[in-house]
Amino acid sequence: MLSFLKDIITRAGDICLAEQEHLTIDDLAFKSRKDLVTATDKNVEAFITRQIQSRFPAHGILGEESGRSGTTGEFLWIIDPIDGTTSFFHGQPYYAVSIALEKAGETILGGVFAPALGQLFYAQKDKGAFFNDRPIRVSDTRAMENAVMATGFACLRAGLEHNNLVHFNRIVPRLRDIRRCGSAAIDLCYVACGKLDGFWEMNLNVYDVAAGILVVTEAGGTVSDFNGETHFPENGVIAANQHLAPFLVDQLQ
């Protein structure tokens, strides 16, 4: 299944690259006032869905754009065709195709491909995590003043009154620096390979994080909700190395 995943996710990325430079306002729609969707989101998800249905007709599929389809058996593919659609539409490189596979509710395979960056991350349950076919591990950073972290603001796009700004203002002064790429999938994978030391965000969906979470955990990282428990993403998502995760939980509870 890994070779199948790597094939379809890179081909999906090729679709993104081919269509990004030709996007116009006519290719744009809105799920809400600030939440964009492009024709390419739908094209990529349709492509991935067709490939899965052809190869694994007994498997179920959960896609961001099309919802749940297929069977209700033990295997479920979770697809985010473009995580970071705003970046994609604005001609920026920080977007990714994210695909995960669950078996009986447990994620056993995940891939995140950022085509404009040429970066492919993937992991298999109990078999490690990889970046462009090289093994990866989370950082060993131990002090907050040495840490570079990332966050996002899906909560603001959704217009939530309880949002990430209060957490941002409390945590960022303790860090070396902060990054804001606009793709939770990429942020999680950057934690996994040590480009970032930690990540937190609220108001995400399972298709945003399913693949990235597996990559982080297989790279030796810690993933929890804002209470240090496993109710993510509905109660927020924290990803970090084992030294810094307790600090984020303490700040975000």
# chains A, B, ... in the order shown; residues from 1 in each chain; ligands from 1
call {"tool": "closest_atom_pairs", "arguments": {"of": "segment 88-150 of chain A", "to": "segment 4-24 of chain A", "cutoff": "12 Å", "atoms": "only C-alpha atoms", "output": "CSV"}}
result
residue,atom,partner,partner_atom,distance
A:Phe88,CA,A:Gln20,CA,6.8
A:Phe89,CA,A:Gln20,CA,7.0
A:His90,CA,A:Gln20,CA,8.9
A:Gly91,CA,A:Gln20,CA,6.9
A:Gln92,CA,A:Gln20,CA,9.4
A:Pro93,CA,A:Leu17,CA,9.7
A:Tyr95,CA,A:Cys16,CA,9.5
A:Ala96,CA,A:Gly13,CA,7.7
A:Val97,CA,A:Gly13,CA,6.6
A:Ser98,CA,A:Ile9,CA,7.6
A:Ile99,CA,A:Ile9,CA,7.4
A:Ala100,CA,A:Leu5,CA,8.8
A:Leu101,CA,A:Leu5,CA,9.3
A:Ile108,CA,A:Leu5,CA,12.0
A:Leu109,CA,A:Leu5,CA,8.5
A:Gly110,CA,A:Leu5,CA,8.1
A:Gly111,CA,A:Leu5,CA,7.1
A:Val112,CA,A:Ile9,CA,7.7
A:Phe113,CA,A:Ile9,CA,6.5
A:Ala114,CA,A:Gly13,CA,7.2
A:Pro115,CA,A:Gly13,CA,5.1
A:Ala116,CA,A:Leu17,CA,6.8
A:Leu117,CA,A:Gly13,CA,10.4
A:Gly118,CA,A:Gly13,CA,9.3
A:Gln119,CA,A:Thr10,CA,9.8
A:Leu120,CA,A:Thr10,CA,8.1
A:Phe121,CA,A:Lys6,CA,9.3
A:Tyr122,CA,A:Lys6,CA,8.2
A:Ala123,CA,A:Leu5,CA,10.5
A:Gln124,CA,A:Leu5,CA,10.9
A:Phe130,CA,A:Lys6,CA,11.7
A:Phe131,CA,A:Lys6,CA,11.8
A:Asn132,CA,A:Lys6,CA,10.4
A:Asp133,CA,A:Lys6,CA,10.5
call {"tool": "write_last_selection", "arguments": {"atoms": "C-alpha atoms", "output": "PDB file, in the first residue's frame"}}
result
ATOM      1  CA  PHE A  88      -2.412  27.572  -3.253  1.00  0.00           C
ATOM      2  CA  PHE A  89      -4.787  30.147  -4.710  1.00  0.00           C
ATOM      3  CA  HIS A  90      -2.387  33.019  -3.958  1.00  0.00           C
ATOM      4  CA  GLY A  91       0.483  31.333  -5.793  1.00  0.00           C
ATOM      5  CA  GLN A  92       2.435  30.431  -2.655  1.00  0.00           C
ATOM      6  CA  PRO A  93       4.255  27.107  -2.119  1.00  0.00           C
ATOM      7  CA  TYR A  95       0.236  23.719   0.496  1.00  0.00           C
ATOM      8  CA  ALA A  96       0.105  19.938   0.480  1.00  0.00           C
ATOM      9  CA  VAL A  97      -1.835  16.863  -0.536  1.00  0.00           C
ATOM     10  CA  SER A  98      -2.551  14.746   2.546  1.00  0.00           C
ATOM     11  CA  ILE A  99      -3.712  11.107   2.498  1.00  0.00           C
ATOM     12  CA  ALA A 100      -4.073   8.719   5.434  1.00  0.00           C
ATOM     13  CA  LEU A 101      -5.316   5.149   5.726  1.00  0.00           C
ATOM     14  CA  ILE A 108      -1.612   2.757   9.701  1.00  0.00           C
ATOM     15  CA  LEU A 109      -0.325   4.758   6.733  1.00  0.00           C
ATOM     16  CA  GLY A 110       0.023   8.436   5.972  1.00  0.00           C
ATOM     17  CA  GLY A 111       1.568  10.684   3.363  1.00  0.00           C
ATOM     18  CA  VAL A 112       1.928  14.445   2.933  1.00  0.00           C
ATOM     19  CA  PHE A 113       3.285  15.855  -0.325  1.00  0.00           C
ATOM     20  CA  ALA A 114       4.122  19.524  -0.808  1.00  0.00           C
ATOM     21  CA  PRO A 115       4.565  19.596  -4.600  1.00  0.00           C
ATOM     22  CA  ALA A 116       5.798  23.174  -4.975  1.00  0.00           C
ATOM     23  CA  LEU A 117       8.517  22.415  -2.413  1.00  0.00           C
ATOM     24  CA  GLY A 118       9.339  18.930  -3.702  1.00  0.00           C
ATOM     25  CA  GLN A 119       8.836  17.507  -0.206  1.00  0.00           C
ATOM     26  CA  LEU A 120       7.272  14.093   0.403  1.00  0.00           C
ATOM     27  CA  PHE A 121       6.709  12.859   3.950  1.00  0.00           C
ATOM     28  CA  TYR A 122       5.290   9.455   4.774  1.00  0.00           C
ATOM     29  CA  ALA A 123       5.003   6.962   7.600  1.00  0.00           C
ATOM     30  CA  GLN A 124       3.772   3.457   8.296  1.00  0.00           C
ATOM     31  CA  PHE A 130      10.532   9.453   6.161  1.00  0.00           C
ATOM     32  CA  PHE A 131      11.221  12.691   4.291  1.00  0.00           C
ATOM     33  CA  ASN A 132      12.059  12.167   0.608  1.00  0.00           C
ATOM     34  CA  ASP A 133      12.888   8.536   1.484  1.00  0.00           C
TER      35      ASP A 133
END
call {"tool": "select_by_dssp", "arguments": {"residues": "segment 75-250 of chain A", "states": "strand (DSSP E)", "output": "VMD selection string"}}
result
chain A and resid 75 to 83 96 to 103 106 to 114 119 to 124 129 to 131 134 to 135 148 to 151 177 to 179 198 to 201 222 to 224 237 to 240
call {"tool": "residues_around", "arguments": {"residues": "Gly228 of chain A", "least_positions_apart": "6", "cutoff": "10 Å", "atoms": "only C-alpha atoms", "output": "PyMOL selection string"}}
result
chain A and resi 222+235-238+245-246+248-250+252-253
call {"tool": "atom_distance", "arguments": {"atom1": "atom CA of Pro81 of chain A", "atom2": "atom CA of Lys127 of chain A"}}
result
24.8 Å
call {"tool": "residues_around", "arguments": {"residues": "Thr49 of chain A", "least_positions_apart": "2", "cutoff": "9 Å", "atoms": "only C-alpha atoms", "output": "ChimeraX atom specification"}}
result
/A:44-47,51-54,61,63,77,79
call {"tool": "atom_distance", "arguments": {"atom1": "atom CA of Arg174 of chain A", "atom2": "atom CA of Phe199 of chain A"}}
result
14.0 Å
call {"tool": "atom_distance", "arguments": {"atom1": "atom CA of Val191 of chain A", "atom2": "atom CA of Glu161 of chain A"}}
result
28.1 Å
call {"tool": "residues_around", "arguments": {"residues": "Ile171 of chain A", "least_positions_apart": "3", "cutoff": "10 Å", "atoms": "only C-alpha atoms", "output": "PyMOL selection string"}}
result
chain A and resi 144+149+165-168+174-175+178+247-248+251-252
call {"tool": "residues_around", "arguments": {"residues": "Asp27 of chain A", "least_positions_apart": "2", "cutoff": "6 Å", "atoms": "only C-alpha atoms", "output": "list in words"}}
result
Thr24, Ile25, Thr38 and Ala39 of chain A
call {"tool": "closest_residue", "arguments": {"among": "A:Leu36, A:Leu214, A:Leu2, A:Ala192", "to": "Asp83 of chain A", "atoms": "only C-alpha atoms"}}
result
A:Leu36
call {"tool": "select_by_dssp", "arguments": {"residues": "segment 102-253 of chain A", "states": "alpha helix (DSSP H)", "output": "PyMOL selection string"}}
result
chain A and resi 154-157+165-171+184-192+206-218+245-252
call {"tool": "residues_around", "arguments": {"residues": "Val216 of chain A", "least_positions_apart": "6", "cutoff": "9 Å", "atoms": "only C-alpha atoms", "output": "list in words"}}
result
Ala123, Ala129, Arg137, Val138, Leu188, Cys189, Tyr190, Val191, Ala192, Cys193, Thr222, Val223, Ala239, Ala240 and Asn241 of chain A
call {"tool": "decode", "arguments": {"residues": "segment 80-93 of chain A", "atoms": "N, CA and C atoms", "output": "short mmCIF file (atom, residue, chain, number, x, y, z; two decimals), in the first residue's frame"}}
result
data_model
loop_
_atom_site.label_atom_id
_atom_site.label_comp_id
_atom_site.auth_asym_id
_atom_site.auth_seq_id
_atom_site.Cartn_x
_atom_site.Cartn_y
_atom_site.Cartn_z
N ASP A 80 -7.24 14.96 2.23
CA ASP A 80 -7.31 16.42 2.11
C ASP A 80 -6.60 16.76 0.79
N PRO A 81 -7.35 17.09 -0.25
CA PRO A 81 -6.72 17.25 -1.57
C PRO A 81 -5.73 18.40 -1.63
N ILE A 82 -6.04 19.50 -0.96
CA ILE A 82 -5.10 20.62 -0.84
C ILE A 82 -5.25 21.20 0.56
N ASP A 83 -4.30 20.92 1.42
CA ASP A 83 -4.28 21.54 2.74
C ASP A 83 -3.46 22.83 2.61
N GLY A 84 -4.13 23.95 2.76
CA GLY A 84 -3.49 25.24 2.50
C GLY A 84 -4.01 25.85 1.21
N THR A 85 -5.32 25.77 1.00
CA THR A 85 -5.91 26.27 -0.24
C THR A 85 -5.68 27.76 -0.44
N THR A 86 -5.68 28.53 0.64
CA THR A 86 -5.41 29.96 0.49
C THR A 86 -4.03 30.21 -0.09
N SER A 87 -3.02 29.50 0.41
CA SER A 87 -1.67 29.61 -0.15
C SER A 87 -1.67 29.18 -1.61
N PHE A 88 -2.35 28.09 -1.88
CA PHE A 88 -2.41 27.57 -3.25
C PHE A 88 -3.00 28.60 -4.20
N PHE A 89 -4.13 29.20 -3.83
CA PHE A 89 -4.79 30.15 -4.71
C PHE A 89 -3.94 31.41 -4.90
N HIS A 90 -3.20 31.80 -3.89
CA HIS A 90 -2.39 33.02 -3.96
C HIS A 90 -0.99 32.77 -4.53
N GLY A 91 -0.77 31.61 -5.12
CA GLY A 91 0.48 31.33 -5.79
C GLY A 91 1.66 31.09 -4.87
N GLN A 92 1.38 30.70 -3.63
CA GLN A 92 2.44 30.43 -2.65
C GLN A 92 2.71 28.93 -2.57
N PRO A 93 3.88 28.53 -2.07
CA PRO A 93 4.26 27.11 -2.12
C PRO A 93 3.81 26.27 -0.93
#
